[in-house]
Amino acid sequence: MALGLTTAGESHGPALTAIVTGLPAGLRLEKDAIDADLRRRQQGYGRSPRQKLESDEVEVLSGLRYAVTLGTPLTLVVRNRDHANWTWGMSPWRPEGEPAGKGTKPVTLPRPGHADLAGILKYAHEDVRNALERASARHTAVHVAAGAVAKALLRELGIDVAGRPVEVGGETSEEGMRAATDAARNDRDTLGGIVEVVATGAPPGLGSYAEKGDRLDARLALALMGIQAVKGVEIGDGFALARRRGTEAHDEIYPGLERRTNHAGGIEGGVSNGEPILVRAAMKPLPTLMRPLDSVDLATGEPAKALVERSDVQAVEALAVVAEAAIAFELARAALDKLGGDAMVDVLAARDAYLARIGDTWHPRAS
Ligand SMILES: Cc1cc2nc3c(=O)[nH]c(=O)nc-3n(C[C@H](O)[C@H](O)[C@H](O)COP(=O)(O)O)c2cc1C
């Protein structure tokens with residue numbers, strides 16, 4: 001069975017949930033490792049005070065016994081601590097008594113760049129909150145939890161995945177990124193940036209050229225474009241390749257099937273080629289602004305300024321963690337497509353047999 005992921009939950013609802021299906025039995029998970037990734041997602045220069053309020057922690061409701069997967073659906077839950085302030089405003093049932101707490105007044109001021117306007121038109125909502133609660137990136141928390149599970153599986157296969165920010169507001173040094181963030185905060189503005197995810201240790205042969213949906217590059221691009229605010233994806237040298245000649249663009253092959261360059265980012269023909277897998281994602285500036293842009297009040301049709309709500313100045317470090325999780329999950333899916341089995345022993349045996357078959361020709365770099 002293919003690895004699957006379904007998530008549910010609103011930003012200020014009681015909890016976020018992920019159900020991971022198709023995980024082999026016998027995979028050891030560590031709560032601390034999952035919680036560490038949840039914390040990494042919450043950190044980063046330029047995040048809003050909400051991150052101090054939320055101290056995310058995973059709960060497991062099914063699929064795990066004594067820290068080992070059972071081969072049954074794994075249910076991961078991350079509670080929204082902020083829900084305590086929204087019990088009236090985000091009540092699943094019609095609440096009784098006087099409106100109290102946050103979310104009680106309808107939002108009618110759509111933010112340019114957010115899902116607010118398109119969301120209410122699509123779903124026939126009157127309160128923009130009914131769209132923004134799910135469109136918000138808050139539920140990336142459970143995607144990170146699922147990604148941490150995927151990373152545990154990949155680690156068993158010798159594959160390591162790491163994400164990092166490489167650019168914030170056009171700045172590439174840590175000092176420059178912080179200064180740009182401070183300047184944007186002072187101007188009550190927001191920033192975007194670029195993150196990079198590198199996967200090392202992946203064998204050749206993940207993905208396929210047989211159909212476009214099987215291509216590993218297409219699958220990784222979908223995983224990244226599926227994250228809020230991501231507007232561009234590069235594999236390897238990506239857009240820069242378009243400006244080079246072929247003799248300078250491709251990675252020549254030497255005896256031992258060695259490569260000395262990796263312009264392709266570890267994927268040729270939609271298939272991993274054994275080199276490190278390199279992907280980048282570009283994030284637009286966050287749409288919630290303390291200096292709001294022009295909008296229209298949907299209650300009156302009159303010009304108005306857009307909704308102002310507590311928000312990050314930039315979330316590029318958080319995106320690096322979310323992108324790492326998304327790539328890890330997709331690589332785990334591709335690895336199980338190739339090596340899949342009901343139990344980890346079967347997966348590892350398939351991996352060993354496959355590496356033995358190609359071992360005469362391919363030798364992983366740095367081994
Ligand atoms: C980790 C992360 C944190 C984000 N935090 C915010 C935020 O605090 N304020 C905001 O307006 N948008 C934030 N966003 C971006 C919005 O969720 C996103 O722009 C919005 O859902 C519209 O989707 P689109 O940008 O893909 O069109 C964040 C995105 C990510 C990935």
# chains A, B, ... in the order shown; residues from 1 in each chain; ligands from 1
$ residues_near_ligand --ligand "ligand 1" --cutoff "8 Å" --atoms "only C-alpha atoms and all ligand atoms" --output "JSON, numbers by chain"
{"A": [41, 47, 48, 113, 114, 115, 132, 135, 136, 137, 138, 140, 225, 226, 227, 228, 229, 230, 231, 283, 284, 285, 286, 287, 288, 289, 310, 311, 312, 313, 314, 315, 316, 317, 318, 319, 322]}
$ residues_around --residues "Ala145 in chain A" --least-positions-apart "6" --cutoff "8 Å" --atoms "only C-alpha atoms" --output "ChimeraX atom specification"
/A:34-35,37-38,58,76,325
$ select_by_dssp --residues "range 201-319 of chain A" --states "strand (DSSP E or B)" --output "MDAnalysis selection string"
chainID A and resid 230:235 253:254 258:259 267:268 271:272 277:283 294:297 302:305
$ closest_residue --among "A:Ile235, A:Ile194, A:Val144, A:Ala162" --to "Met177 in chain A" --atoms "only C-alpha atoms"
A:Ile194
$ select_by_dssp --residues "range 273-360 of chain A" --states "helix (DSSP H, G or I)" --output "JSON, numbers by chain"
{"A": [316, 317, 318, 319, 320, 321, 322, 323, 324, 325, 326, 327, 328, 329, 330, 331, 332, 333, 334, 335, 336, 337, 338, 339, 344, 345, 346, 347, 348, 349, 350, 351, 352, 353, 354, 355, 356, 357, 358]}
$ atom_distance --atom1 "CA of Leu293 in chain A" --atom2 "CA of Ile120 in chain A"
18.7 Å
